[in-house]
>>> print(open('run-v2.txt').read())   # compact mmCIF, C-alpha atoms
# COMPACT_ATOMS: atom_id res chain seq x y z
CA MET T 104 -25.72 -12.73 -25.65
CA ILE T 105 -24.36 -13.43 -29.15
CA THR T 106 -20.88 -12.36 -28.01
CA LYS T 107 -21.05 -14.63 -24.96
CA ILE T 108 -22.15 -17.60 -27.08
CA PHE T 109 -19.28 -16.94 -29.51
CA LYS T 110 -16.77 -16.77 -26.65
CA LEU T 111 -18.13 -19.97 -25.15
CA PHE T 112 -17.96 -21.99 -28.38
CA LEU T 113 -14.48 -20.64 -29.08
CA GLY T 114 -13.59 -21.72 -25.55
CA PHE T 115 -14.76 -25.27 -26.20
CA PHE T 116 -12.40 -25.49 -29.18
CA ILE T 117 -9.41 -23.89 -27.41
CA TYR T 118 -9.96 -26.12 -24.38
CA LEU T 119 -9.57 -29.17 -26.63
CA ILE T 120 -6.37 -27.98 -28.31
CA ASN T 121 -4.84 -26.51 -25.13
CA PRO T 122 -2.73 -29.65 -24.38
CA LEU T 123 -0.97 -29.28 -27.75
CA PHE T 124 0.68 -26.00 -26.65
CA LYS T 125 3.65 -26.17 -24.33
CA VAL T 126 4.45 -23.53 -21.75
CA LYS T 127 7.33 -21.22 -22.64
CA LYS T 128 9.70 -20.38 -19.79
CA ASN T 129 9.35 -16.83 -18.40
CA ARG T 130 6.51 -15.87 -20.73
CA TRP T 131 3.95 -13.62 -19.05
CA VAL T 132 0.45 -12.49 -20.01
CA LEU T 133 -1.09 -9.74 -17.92
CA GLY T 134 -4.44 -8.00 -17.83
CA SER T 135 -6.96 -6.08 -15.72
CA SER T 136 -10.32 -4.32 -15.66
CA ALA T 137 -12.17 -7.12 -17.46
CA GLY T 138 -9.91 -6.57 -20.47
CA LYS T 139 -11.14 -3.01 -20.88
CA ASP T 140 -8.31 -0.91 -19.47
CA PHE T 141 -4.61 -0.64 -18.65
CA LYS T 142 -4.47 -0.29 -14.87
CA GLU T 143 -3.77 -1.90 -11.50
CA GLY T 144 -0.88 -4.09 -10.35
CA ALA T 145 -0.58 -5.94 -13.64
CA LYS T 146 0.14 -2.63 -15.41
CA TYR T 147 3.14 -1.87 -13.18
CA MET T 148 4.38 -5.44 -13.35
CA LEU T 149 4.44 -5.19 -17.14
CA ALA T 150 6.56 -2.04 -16.90
CA PHE T 151 8.98 -3.88 -14.61
CA LEU T 152 9.16 -6.95 -16.86
CA ASN T 153 9.88 -4.73 -19.85
CA GLY T 154 13.27 -4.06 -18.25
CA ILE T 155 14.09 -7.75 -17.68
CA PRO T 156 16.10 -9.04 -20.69
CA ASN T 157 14.84 -12.64 -20.66
CA ALA T 158 11.21 -11.87 -19.77
CA ASP T 159 8.70 -12.35 -22.59
CA ALA T 160 5.71 -10.30 -21.43
CA CYS T 161 2.61 -8.85 -23.04
CA TRP T 162 -0.68 -7.22 -22.14
CA ILE T 163 -4.00 -8.73 -23.17
CA THR T 164 -7.05 -6.54 -23.82
CA ASN T 165 -10.44 -6.67 -25.51
CA ARG T 166 -10.24 -3.08 -26.80
CA LYS T 167 -8.30 -1.77 -29.78
CA ILE T 168 -7.91 1.66 -28.16
CA ILE T 169 -6.16 0.08 -25.15
CA LYS T 170 -3.91 -1.94 -27.47
CA LYS T 171 -2.91 1.28 -29.19
CA GLU T 172 -2.21 2.97 -25.82
CA VAL T 173 -0.10 0.11 -24.47
CA ASN T 174 1.86 -0.19 -27.73
CA ALA T 175 2.51 3.58 -27.62
CA ARG T 176 4.13 3.10 -24.21
CA GLY T 177 6.57 0.66 -25.77
CA TYR T 178 4.97 -2.55 -24.50
CA ARG T 179 3.60 -5.49 -26.41
CA CYS T 180 -0.17 -5.85 -26.36
CA TYR T 181 -2.50 -8.24 -28.15
CA LEU T 182 -6.26 -8.49 -28.44
CA ASN T 183 -7.65 -11.37 -26.43
CA TYR T 184 -9.24 -12.99 -29.48
CA SER T 185 -6.45 -12.40 -31.96
CA ILE T 186 -4.22 -15.28 -33.04
CA LYS T 187 -1.22 -13.81 -31.20
CA GLY T 188 -3.29 -13.08 -28.11
CA LEU T 189 -4.60 -16.63 -27.98
CA PHE T 190 -1.12 -18.06 -28.63
CA TYR T 191 0.37 -16.12 -25.73
CA SER T 192 -2.50 -17.11 -23.45
CA LEU T 193 -1.98 -20.76 -24.35
CA THR T 194 1.81 -20.74 -23.90
CA ALA T 195 2.49 -18.34 -21.02
CA GLU T 196 4.20 -19.65 -17.91
CA PHE T 197 2.75 -16.86 -15.75
CA ILE T 198 -0.80 -15.52 -15.87
CA GLY T 199 -1.20 -12.24 -13.97
CA THR T 200 -4.55 -10.55 -13.32
CA SER T 201 -5.64 -7.67 -11.10
CA THR T 202 -9.40 -7.30 -11.13
CA SER T 203 -11.53 -10.21 -12.34
CA PHE T 204 -10.43 -13.82 -12.64
CA GLY T 205 -12.93 -14.60 -15.37
CA SER T 206 -12.59 -11.63 -17.64
CA ASP T 207 -9.20 -9.86 -17.33
CA ILE T 208 -7.73 -12.49 -19.67
CA ASN T 209 -9.59 -15.38 -21.29
CA TYR T 210 -8.67 -18.95 -22.20
CA CYS T 211 -5.80 -19.35 -19.71
CA PHE T 212 -6.43 -23.02 -18.99
CA LYS T 213 -4.51 -24.96 -16.38
CA LYS T 214 -1.46 -26.93 -17.48
CA ASP T 215 1.80 -28.24 -16.11
CA SER T 216 4.32 -25.56 -15.08
CA ARG T 217 1.79 -22.75 -15.39
CA LYS T 218 1.44 -20.34 -12.44
CA TYR T 219 -1.41 -17.96 -11.70
CA ILE T 220 -0.72 -14.64 -9.96
CA TYR T 221 -3.41 -12.40 -8.55
CA PHE T 222 -2.13 -8.93 -7.68
CA VAL T 223 -5.17 -8.34 -5.45
CA HIS T 224 -7.42 -5.39 -6.28
CA GLY T 225 -6.89 -4.02 -2.77
CA MET T 226 -6.03 -5.20 0.71
CA PRO T 227 -9.08 -6.72 2.44
CA HIS T 228 -10.69 -4.17 4.70
CA LYS T 229 -14.11 -5.11 3.33
CA LYS T 230 -14.98 -8.81 3.39
CA ALA T 231 -14.27 -10.30 -0.01
CA ILE T 232 -14.76 -13.33 -2.27
CA TYR T 233 -15.82 -16.32 -0.13
CA ASP T 234 -16.33 -14.14 2.96
CA GLN T 235 -18.81 -11.81 1.30
CA PRO T 236 -22.37 -11.91 2.64
CA LYS T 237 -24.21 -14.80 1.00
CA ARG T 238 -27.01 -12.53 -0.14
CA ARG T 239 -24.62 -10.79 -2.53
CA MET T 240 -22.74 -13.76 -3.96
CA PRO T 241 -23.36 -14.68 -7.65
CA SER T 242 -26.05 -17.30 -8.22
CA GLY T 243 -23.68 -19.63 -10.07
CA SER T 244 -26.02 -20.73 -12.87
CA ILE T 245 -25.03 -23.47 -15.31
CA GLY T 246 -24.23 -20.80 -17.89
CA ASP T 247 -21.98 -18.99 -15.41
CA ARG T 248 -20.14 -22.19 -14.54
CA LEU T 249 -19.63 -23.08 -18.20
CA TYR T 250 -18.38 -19.57 -18.91
CA ARG T 251 -15.86 -19.72 -16.05
CA LYS T 252 -14.58 -23.11 -17.16
CA TYR T 253 -14.32 -22.59 -20.92
CA VAL T 254 -13.84 -18.83 -21.26
CA ALA T 255 -12.02 -17.78 -18.10
CA GLY T 256 -10.02 -20.99 -18.04
CA PHE T 257 -9.12 -20.82 -14.35
CA LYS T 258 -10.78 -20.13 -11.03
CA VAL T 259 -9.99 -18.66 -7.62
CA SER T 260 -8.71 -21.96 -6.25
CA ASP T 261 -6.09 -22.15 -9.03
CA ILE T 262 -4.24 -19.02 -7.86
CA ASP T 263 -0.65 -19.80 -6.88
CA TYR T 264 0.42 -16.37 -5.63
CA LEU T 265 -1.57 -13.71 -3.80
CA THR T 266 0.23 -10.50 -2.87
CA SER T 267 -0.10 -8.87 0.55
CA THR T 268 1.30 -5.61 1.89
CA SER T 269 1.86 -6.91 5.43
CA ASP T 270 1.40 -9.91 7.68
CA PHE T 271 -1.61 -8.13 9.20
CA TYR T 272 -3.67 -8.94 6.08
CA ILE T 273 -2.55 -12.54 5.60
CA PRO T 274 -5.33 -14.18 7.70
CA PHE T 275 -7.97 -12.08 5.93
CA LEU T 276 -6.65 -12.96 2.47
CA LYS T 277 -6.38 -16.65 3.36
CA SER T 278 -9.96 -16.60 4.56
CA ALA T 279 -11.32 -14.61 1.60
CA PHE T 280 -9.63 -16.80 -1.03
CA ARG T 281 -9.61 -20.08 0.94
CA SER T 282 -5.93 -20.29 0.09
CA GLU T 283 -2.57 -20.62 1.82
CA ASN T 284 -0.74 -19.06 -1.14
CA VAL T 285 -0.40 -15.58 0.32
CA PHE T 286 2.96 -13.79 0.31
CA THR T 287 3.93 -10.51 1.96
CA ILE T 288 5.89 -8.79 -0.77
CA GLY T 289 3.97 -5.53 -1.20
CA MET T 290 1.67 -4.38 -4.01
CA PRO T 291 3.37 -3.94 -7.41
CA ARG T 292 1.22 -0.92 -8.22
CA ASN T 293 2.60 0.89 -5.18
CA ASP T 294 6.12 0.89 -6.61
CA SER T 295 4.92 3.93 -8.55
CA LEU T 296 4.49 5.88 -5.30
CA PHE T 297 8.25 5.67 -4.83
CA ASN T 298 9.13 6.34 -8.46
CA ASN T 299 7.17 9.13 -10.13
CA GLU T 300 8.56 8.13 -13.53
CA MET T 301 6.21 5.13 -13.38
CA LEU T 302 3.13 7.34 -13.00
CA ASP T 303 1.00 8.56 -15.88
CA LYS T 304 1.72 12.17 -16.77
CA GLU T 305 -1.63 13.95 -16.74
CA ALA T 306 -2.01 17.53 -17.95
CA PHE T 307 -4.80 18.06 -15.43
CA PHE T 308 -2.47 17.67 -12.45
CA GLU T 309 0.25 19.70 -14.11
CA GLN T 310 -2.30 22.48 -14.55
CA HIS T 311 -3.17 22.39 -10.84
CA LYS T 312 0.25 21.58 -9.39
CA GLU T 313 0.33 24.77 -7.29
CA LYS T 314 -2.94 23.92 -5.56
CA PHE T 315 -3.49 22.07 -2.30
CA ILE T 316 -5.41 19.00 -3.50
CA ILE T 317 -7.98 17.08 -1.46
CA THR T 318 -9.43 13.95 -3.05
CA TYR T 319 -12.61 12.12 -2.07
CA MET T 320 -12.48 8.42 -3.09
CA PRO T 321 -15.40 6.40 -1.65
CA THR T 322 -16.02 2.73 -2.36
CA HIS T 323 -18.99 1.52 -4.40
CA ARG T 324 -22.37 0.70 -2.86
CA ASP T 325 -24.05 -2.64 -3.55
CA TYR T 326 -21.28 -3.44 -6.06
CA GLY T 327 -22.30 -0.55 -8.29
CA ASN T 328 -26.06 -1.17 -8.12
CA CYS T 329 -26.86 1.57 -5.63
CA GLU T 330 -26.88 5.36 -5.62
CA VAL T 331 -23.62 7.20 -6.22
CA SER T 332 -21.89 8.74 -3.19
CA PRO T 333 -22.79 12.38 -2.44
CA PHE T 334 -21.22 15.24 -4.35
CA LEU T 335 -19.45 16.87 -1.42
CA PHE T 336 -20.54 20.38 -0.40
CA GLU T 337 -22.90 20.63 -3.36
CA HIS T 338 -25.27 22.77 -1.27
CA ASN T 339 -22.63 24.58 0.77
CA PRO T 340 -21.24 27.55 -1.18
CA LEU T 341 -19.20 28.62 1.86
CA ALA T 342 -17.10 25.46 1.51
CA ASN T 343 -16.30 26.20 -2.12
CA ASP T 344 -15.47 29.82 -1.18
CA PHE T 345 -13.05 28.56 1.49
CA PHE T 346 -11.34 26.30 -1.04
CA ARG T 347 -11.14 29.10 -3.62
CA LYS T 348 -9.67 31.65 -1.20
CA ASN T 349 -7.03 29.19 0.02
CA ASN T 350 -6.04 27.76 -3.39
CA ILE T 351 -7.54 24.38 -2.48
CA LEU T 352 -8.97 21.97 -5.05
CA LEU T 353 -11.40 19.25 -3.95
CA LEU T 354 -11.56 16.32 -6.36
CA ILE T 355 -14.27 13.65 -6.29
CA LYS T 356 -13.35 10.27 -7.73
CA ASN T 357 -16.04 7.65 -7.36
CA HIS T 358 -15.36 3.94 -7.66
CA PRO T 359 -15.28 2.82 -11.35
CA ASN T 360 -18.44 0.76 -10.75
CA MET T 361 -20.28 3.97 -9.89
CA ALA T 362 -18.81 6.30 -12.53
CA THR T 363 -21.63 5.83 -15.05
CA LYS T 364 -24.10 7.10 -12.45
CA VAL T 365 -22.27 10.37 -11.89
CA ILE T 366 -24.35 13.35 -13.05
CA ASP T 367 -22.35 15.77 -15.16
CA GLY T 368 -22.48 19.52 -14.69
CA LYS T 369 -22.25 19.66 -10.90
CA ASP T 370 -18.68 20.94 -10.82
CA LEU T 371 -17.98 24.14 -8.90
CA SER T 372 -14.96 26.40 -9.28
CA ASN T 373 -12.90 24.44 -6.73
CA ILE T 374 -14.87 21.17 -6.45
CA ILE T 375 -14.47 18.94 -9.49
CA ASP T 376 -15.73 15.42 -10.18
CA ILE T 377 -13.07 13.38 -12.00
CA SER T 378 -14.89 10.03 -11.79
CA LYS T 379 -15.15 9.77 -15.58
CA SER T 380 -11.63 11.03 -16.30
CA GLY T 381 -10.04 7.59 -16.54
CA PHE T 382 -7.12 8.72 -14.35
CA ASP T 383 -5.11 5.90 -12.83
CA ALA T 384 -5.77 5.77 -9.07
CA GLN T 385 -2.05 5.77 -8.26
CA THR T 386 -1.58 8.98 -10.24
CA VAL T 387 -4.48 10.57 -8.39
CA ILE T 388 -3.35 9.68 -4.87
CA SER T 389 0.25 10.64 -5.65
CA ASN T 390 -1.01 14.16 -6.42
CA THR T 391 -3.28 14.27 -3.36
CA ASP T 392 -2.41 16.18 -0.18
CA VAL T 393 -5.36 14.92 1.89
CA LEU T 394 -7.44 11.81 1.20
CA ILE T 395 -11.11 11.50 2.12
CA THR T 396 -12.48 7.97 1.88
CA ASP T 397 -14.70 5.47 3.69
CA PHE T 398 -14.40 1.71 3.31
CA SER T 399 -12.37 1.76 0.12
CA SER T 400 -8.97 0.12 0.51
CA VAL T 401 -7.35 3.12 -1.22
CA TRP T 402 -6.34 4.44 2.23
CA ILE T 403 -3.96 1.48 2.60
CA ASP T 404 -2.02 2.48 -0.51
CA TYR T 405 -2.18 6.13 0.52
CA LEU T 406 -0.55 5.39 3.90
CA LEU T 407 2.75 4.96 2.07
CA LEU T 408 2.73 8.68 1.28
CA ASN T 409 2.49 9.57 4.98
CA ARG T 410 -0.24 12.17 4.42
CA PRO T 411 -3.48 12.93 6.34
CA ILE T 412 -6.54 10.70 5.88
CA ILE T 413 -10.17 11.45 6.75
CA PHE T 414 -12.80 8.71 6.94
CA TYR T 415 -16.24 10.07 6.02
CA PHE T 416 -18.96 7.63 7.09
CA TYR T 417 -22.16 9.12 5.69
CA ASP T 418 -24.19 5.87 5.76
CA ASN T 419 -24.50 2.52 7.56
CA TYR T 420 -22.32 0.68 5.05
CA GLU T 421 -20.98 -2.05 7.36
CA VAL T 422 -24.47 -3.23 8.27
CA GLU T 423 -26.48 -2.55 5.14
CA ASP T 424 -23.89 -3.30 2.44
CA ASN T 425 -20.68 -5.17 3.21
CA GLU T 426 -19.12 -6.35 6.46
CA THR T 427 -15.49 -5.60 7.31
CA TYR T 428 -12.65 -7.65 8.76
CA PHE T 429 -11.70 -5.07 11.35
CA ASN T 430 -13.05 -1.86 12.82
CA ILE T 431 -11.17 0.99 11.20
CA ARG T 432 -12.22 3.28 14.04
CA ASN T 433 -9.90 1.35 16.36
CA GLU T 434 -6.91 1.94 14.12
CA ASN T 435 -4.73 5.01 14.60
CA ILE T 436 -4.87 5.94 10.91
CA GLY T 437 -6.75 9.18 10.48
CA SER T 438 -9.70 11.34 11.49
CA PHE T 439 -13.39 10.35 11.42
CA CYS T 440 -16.60 12.22 10.70
CA ASN T 441 -20.23 11.52 9.80
CA ASP T 442 -21.53 14.68 8.16
CA GLU T 443 -20.32 17.52 5.95
CA ASN T 444 -20.09 20.04 8.78
CA GLU T 445 -17.64 17.81 10.66
CA LEU T 446 -15.81 17.10 7.41
CA LEU T 447 -15.29 20.78 6.58
CA TYR T 448 -14.18 21.45 10.17
CA LEU T 449 -11.53 18.69 9.90
CA LEU T 450 -10.33 19.93 6.52
CA LYS T 451 -9.81 23.42 7.91
CA LYS T 452 -7.86 22.02 10.88
CA ILE T 453 -5.65 19.91 8.64
CA PHE T 454 -5.00 22.82 6.30
CA ILE T 455 -3.80 24.95 9.23
CA ASN T 456 -1.79 22.25 11.03
CA TYR T 457 -0.97 19.67 8.37
CA ASN T 458 1.92 17.82 10.01
CA SER T 459 0.02 16.95 13.18
CA PHE T 460 -2.46 14.88 11.15
CA GLN T 461 0.10 12.68 9.41
CA PRO T 462 -0.03 8.97 10.36
CA SER T 463 2.76 7.59 12.51
CA ILE T 464 5.53 5.38 11.14
CA GLU T 465 4.32 2.63 13.50
CA THR T 466 0.87 2.77 11.90
CA ILE T 467 2.30 2.63 8.40
CA LYS T 468 4.50 -0.35 9.29
CA LYS T 469 1.51 -2.29 10.58
CA HIS T 470 -0.06 -2.13 7.12
CA HIS T 471 3.13 -2.16 5.02
CA LYS T 472 6.08 -4.41 5.73
CA PHE T 473 8.03 -2.81 2.88
CA MET T 474 8.29 0.88 2.04
CA ASP T 475 10.86 0.78 -0.73
CA GLY T 476 9.17 0.55 -4.15
CA ASN T 477 10.59 -2.91 -4.89
CA SER T 478 7.43 -5.03 -4.82
CA CYS T 479 7.66 -5.98 -8.51
CA SER T 480 11.21 -7.19 -8.00
CA ARG T 481 10.23 -9.26 -4.95
CA LEU T 482 7.35 -10.83 -6.85
CA TYR T 483 9.55 -11.68 -9.81
CA ASP T 484 12.17 -13.30 -7.57
CA LEU T 485 9.46 -15.25 -5.73
CA VAL T 486 7.74 -16.75 -8.76
CA SER T 487 11.01 -17.30 -10.65
CA GLY T 488 12.64 -19.10 -7.73
CA ASN T 489 15.52 -16.62 -7.55
>>> encode(input="run-v2.txt", output="C-alpha cells")
Amino acid sequence: MITKIFKLFLGFFIYLINPLFKVKKNRWVLGSSAGKDFKEGAKYMLAFLNGIPNADACWITNRKIIKKEVNARGYRCYLNYSIKGLFYSLTAEFIGTSTSFGSDINYCFKKDSRKYIYFVHGMPHKKAIYDQPKRRMPSGSIGDRLYRKYVAGFKVSDIDYLTSTSDFYIPFLKSAFRSENVFTIGMPRNDSLFNNEMLDKEAFFEQHKEKFIITYMPTHRDYGNCEVSPFLFEHNPLANDFFRKNNILLLIKNHPNMATKVIDGKDLSNIIDISKSGFDAQTVISNTDVLITDFSSVWIDYLLLNRPIIFYFYDNYEVEDNETYFNIRNENIGSFCNDENELLYLLKKIFINYNSFQPSIETIKKHHKFMDGNSCSRLYDLVSGN
C-alpha cells in the first residue's frame, strides 16, 4: 500500500510536468510482465531496434536483476523510477508493451506525436478485455481509476497499433479492444522461431537435445485464482516408463499466473515441471516436438513450426471459466482428448507416425498471413511511415 501511494503521488507530479518534455523522434521505451521480466513481443522488438542505427530504444523494468540481465545482452535498460527511466518515458515517441497496459511501463502520459503499440499477449482464442465475462472484470474502484490515470498514464483506448497474425483474428481483436487500430503484420516474438540466434540459450535444452520433447502448456484458470492444472501422468508409472524407454521427455509449463501454486518435488525421471524455470515461452516451444495445450493461445505461435498439437480438455473451461471466440474443435489443427488414457494413446500414435499429425499448410495460413520472421521489420515500417 505504501508503494502504491508513493507511485500515485509521484504520478501526480509527473503528470503536471509532462507537457514540458517534448517527444524525441524514433525514441522507444518497451516493457512487459508488469515490469518484472524481459519477455514477450517487446523483448524481440528491442533486439530488432538495437540493429537500427537511428533508433533510440531502451527497456524499462522495476527490478534491478532484470536491468542487469538486459544490460548484459547489450541493450539499454533503466529502472522505471530512476531519473533516466522517467526521462525516457516522458520523451519517447513510441511506447511498446506486451502484457499489462497499467504496469509494464509507468508514467507514459498522452502527448502530441506519441504512439502506443500493444504487441498483444496472444491471439484471441479466449474472449479478452471488453469481451470477457462481466463477472470477472475488475471492479474499477476510484483508487484503480486514479492509479490507471496517474501511474499507468494511458489506457486501452489510447492504443494506436495492435498486432495480429492474420485477418482471421482482426474482428476478434477489434471487438476485444473496441478499436479499429488492428494490423496484420505478425507477432514480433515469433520472429525468433525463424531465427534461432534470437532465442535464449538454455543449458537445460542443450542437456536434453537428443530427446524427443513433449511440452504441456495449459492456460490459467480463473486468472490464476484457481487450482493449478494437473501434473500429467502423476499416478501412471507406465507412462513414465514408456517415455524413459523411448528417450522421451515430457515437460510441464504452467501459465505464469499459476506457477506459484506448483508443488515442488513431483518430478519423475522423464516428466519434469519447468513452470518455475523462467524459460521464455518461445525458447520452450522451439525445442518442443509435440505440444499439449488447451485454451492457451500458445498453439497459434506453435503452428508456425508445423509440428503436432494435442488439445487436452480436462475440465469445462469454456462454460465455467472463460468463453471463446470460436470452437477449436471445428478447426483442423490437431488432435483432441479428455482424459489421460486418451492422451497417452495419442502420444504413442504421434511418436510412431509423426508426420501424419503435422498441421496442413492451409491451416497454418489461416492463422498466419506471414511465415517469414519479419514481423518486427513490418511493425517498424508501419509505425515509422516507411
>>> closest_atom_pairs(input="run-v2.txt", of="region 385-457 of chain T", to="region 316-322 of chain T", cutoff="10 Å", atoms="all atoms listed in the file", output="Markdown table")
| residue | atom | partner | partner_atom | distance |
| --- | --- | --- | --- | --- |
| T:Val387 | CA | T:Thr318 | CA | 8.0 |
| T:Ile388 | CA | T:Thr318 | CA | 7.6 |
| T:Asn390 | CA | T:Ile316 | CA | 7.2 |
| T:Thr391 | CA | T:Ile316 | CA | 5.2 |
| T:Asp392 | CA | T:Ile316 | CA | 5.3 |
| T:Val393 | CA | T:Ile317 | CA | 4.8 |
| T:Leu394 | CA | T:Thr318 | CA | 5.2 |
| T:Ile395 | CA | T:Tyr319 | CA | 4.5 |
| T:Thr396 | CA | T:Pro321 | CA | 4.8 |
| T:Asp397 | CA | T:Pro321 | CA | 5.5 |
| T:Phe398 | CA | T:Thr322 | CA | 6.0 |
| T:Ser399 | CA | T:Thr322 | CA | 4.5 |
| T:Ser400 | CA | T:Thr322 | CA | 8.0 |
| T:Val401 | CA | T:Met320 | CA | 7.6 |
| T:Trp402 | CA | T:Met320 | CA | 9.0 |
| T:Pro411 | CA | T:Ile317 | CA | 9.9 |
| T:Ile412 | CA | T:Ile317 | CA | 9.8 |
| T:Ile413 | CA | T:Tyr319 | CA | 9.2 |
| T:Phe414 | CA | T:Pro321 | CA | 9.3 |
| T:Tyr415 | CA | T:Pro321 | CA | 8.5 |
| T:Phe416 | CA | T:Pro321 | CA | 9.5 |
| T:Tyr420 | CA | T:Thr322 | CA | 9.9 |
| T:Leu450 | CA | T:Ile317 | CA | 8.8 |
>>> closest_residue(input="run-v2.txt", among="T:Tyr191, T:Phe141, T:Leu276, T:Tyr428", to="Lys170 (chain T)", atoms="only C-alpha atoms")
T:Phe141
>>> residues_around(input="run-v2.txt", residues="region 206-222 of chain T", least_positions_apart="3", cutoff="6 Å", atoms="all atoms listed in the file", output="short mmCIF file (atom, residue, chain, number, x, y, z; two decimals) with C-alpha atoms, keeping the file's coordinate frame")
data_model
loop_
_atom_site.label_atom_id
_atom_site.label_comp_id
_atom_site.auth_asym_id
_atom_site.auth_seq_id
_atom_site.Cartn_x
_atom_site.Cartn_y
_atom_site.Cartn_z
CA GLY T 134 -4.44 -8.00 -17.83
CA SER T 135 -6.96 -6.08 -15.72
CA SER T 136 -10.32 -4.32 -15.66
CA ALA T 137 -12.17 -7.12 -17.46
CA GLY T 138 -9.91 -6.57 -20.47
CA GLY T 144 -0.88 -4.09 -10.35
CA SER T 192 -2.50 -17.11 -23.45
CA GLU T 196 4.20 -19.65 -17.91
CA PHE T 197 2.75 -16.86 -15.75
CA ILE T 198 -0.80 -15.52 -15.87
CA GLY T 199 -1.20 -12.24 -13.97
CA THR T 200 -4.55 -10.55 -13.32
CA SER T 201 -5.64 -7.67 -11.10
CA SER T 203 -11.53 -10.21 -12.34
CA VAL T 254 -13.84 -18.83 -21.26
CA ALA T 255 -12.02 -17.78 -18.10
CA GLY T 256 -10.02 -20.99 -18.04
CA PHE T 257 -9.12 -20.82 -14.35
CA ILE T 262 -4.24 -19.02 -7.86
CA ASP T 263 -0.65 -19.80 -6.88
CA TYR T 264 0.42 -16.37 -5.63
CA LEU T 265 -1.57 -13.71 -3.80
CA THR T 266 0.23 -10.50 -2.87
#
>>> residues_around(input="run-v2.txt", residues="Asn165 (chain T)", least_positions_apart="3", cutoff="7 Å", atoms="only C-alpha atoms", output="mmCIF file with C-alpha atoms, in the frame of the given file")
data_model
loop_
_atom_site.group_PDB
_atom_site.id
_atom_site.type_symbol
_atom_site.label_atom_id
_atom_site.label_comp_id
_atom_site.auth_asym_id
_atom_site.auth_seq_id
_atom_site.Cartn_x
_atom_site.Cartn_y
_atom_site.Cartn_z
ATOM 1 C CA GLY T 138 -9.910 -6.570 -20.470
ATOM 2 C CA LYS T 139 -11.140 -3.010 -20.880
ATOM 3 C CA LEU T 182 -6.260 -8.490 -28.440
ATOM 4 C CA ASN T 183 -7.650 -11.370 -26.430
#
>>> atom_distance(input="run-v2.txt", atom1="CA of Lys472 (chain T)", atom2="CA of Lys146 (chain T)")
22.0 Å
>>> atom_distance(input="run-v2.txt", atom1="CA of Arg292 (chain T)", atom2="CA of Phe382 (chain T)")
14.1 Å
>>> residues_around(input="run-v2.txt", residues="Tyr181 (chain T)", least_positions_apart="6", cutoff="10 Å", atoms="only C-alpha atoms", output="PyMOL selection string")
chain T and resi 132+161-167+169-171+173-174+187-191
>>> closest_residue(input="run-v2.txt", among="T:Ala150, T:Ile105, T:Leu111, T:Ile436", to="Leu406 (chain T)", atoms="only C-alpha atoms")
T:Ile436
>>> axis_aligned_box(input="run-v2.txt", around="region 457-469 of chain T", padding_each_side="8 Å", output="lines of an AutoDock Vina configuration file")
center_x = 1.5
center_y = 8.7
center_z = 10.9
size_x = 24.0
size_y = 38.0
size_z = 21.1
>>> atom_distance(input="run-v2.txt", atom1="CA of Asp370 (chain T)", atom2="CA of Arg324 (chain T)")
22.1 Å
>>> closest_residue(input="run-v2.txt", among="T:Leu249, T:Tyr483, T:Gln310, T:Tyr272", to="Lys469 (chain T)", atoms="only C-alpha atoms")
T:Tyr272
>>> closest_residue(input="run-v2.txt", among="T:His311, T:His358, T:Arg410, T:Lys110", to="Ser463 (chain T)", atoms="only C-alpha atoms")
T:Arg410
>>> residues_near_point(input="run-v2.txt", point="(-5.1, 13.1, -12.6)", cutoff="9 Å", atoms="all atoms listed in the file", output="PDB file with C-alpha atoms, in the coordinates of the input")
ATOM      1  CA  ASP T 303       1.000   8.560 -15.880  1.00  0.00           C
ATOM      2  CA  LYS T 304       1.720  12.170 -16.770  1.00  0.00           C
ATOM      3  CA  GLU T 305      -1.630  13.950 -16.740  1.00  0.00           C
ATOM      4  CA  ALA T 306      -2.010  17.530 -17.950  1.00  0.00           C
ATOM      5  CA  PHE T 307      -4.800  18.060 -15.430  1.00  0.00           C
ATOM      6  CA  PHE T 308      -2.470  17.670 -12.450  1.00  0.00           C
ATOM      7  CA  GLU T 309       0.250  19.700 -14.110  1.00  0.00           C
ATOM      8  CA  ILE T 377     -13.070  13.380 -12.000  1.00  0.00           C
ATOM      9  CA  SER T 380     -11.630  11.030 -16.300  1.00  0.00           C
ATOM     10  CA  GLY T 381     -10.040   7.590 -16.540  1.00  0.00           C
ATOM     11  CA  PHE T 382      -7.120   8.720 -14.350  1.00  0.00           C
ATOM     12  CA  ASP T 383      -5.110   5.900 -12.830  1.00  0.00           C
ATOM     13  CA  ALA T 384      -5.770   5.770  -9.070  1.00  0.00           C
ATOM     14  CA  THR T 386      -1.580   8.980 -10.240  1.00  0.00           C
ATOM     15  CA  VAL T 387      -4.480  10.570  -8.390  1.00  0.00           C
ATOM     16  CA  ILE T 388      -3.350   9.680  -4.870  1.00  0.00           C
ATOM     17  CA  ASN T 390      -1.010  14.160  -6.420  1.00  0.00           C
TER      18      ASN T 390
END
>>> residues_around(input="run-v2.txt", residues="region 297-299 of chain T", least_positions_apart="3", cutoff="6 Å", atoms="only C-alpha atoms", output="CSV table (one decimal) with C-alpha atoms, in the frame of the given file")
chain,number,residue,atom,x,y,z
T,294,ASP,CA,6.1,0.9,-6.6
T,302,LEU,CA,3.1,7.3,-13.0
T,476,GLY,CA,9.2,0.6,-4.2
>>> closest_residue(input="run-v2.txt", among="T:Ile168, T:Ile374, T:Leu341, T:Cys479", to="Asn153 (chain T)", atoms="only C-alpha atoms")
T:Cys479
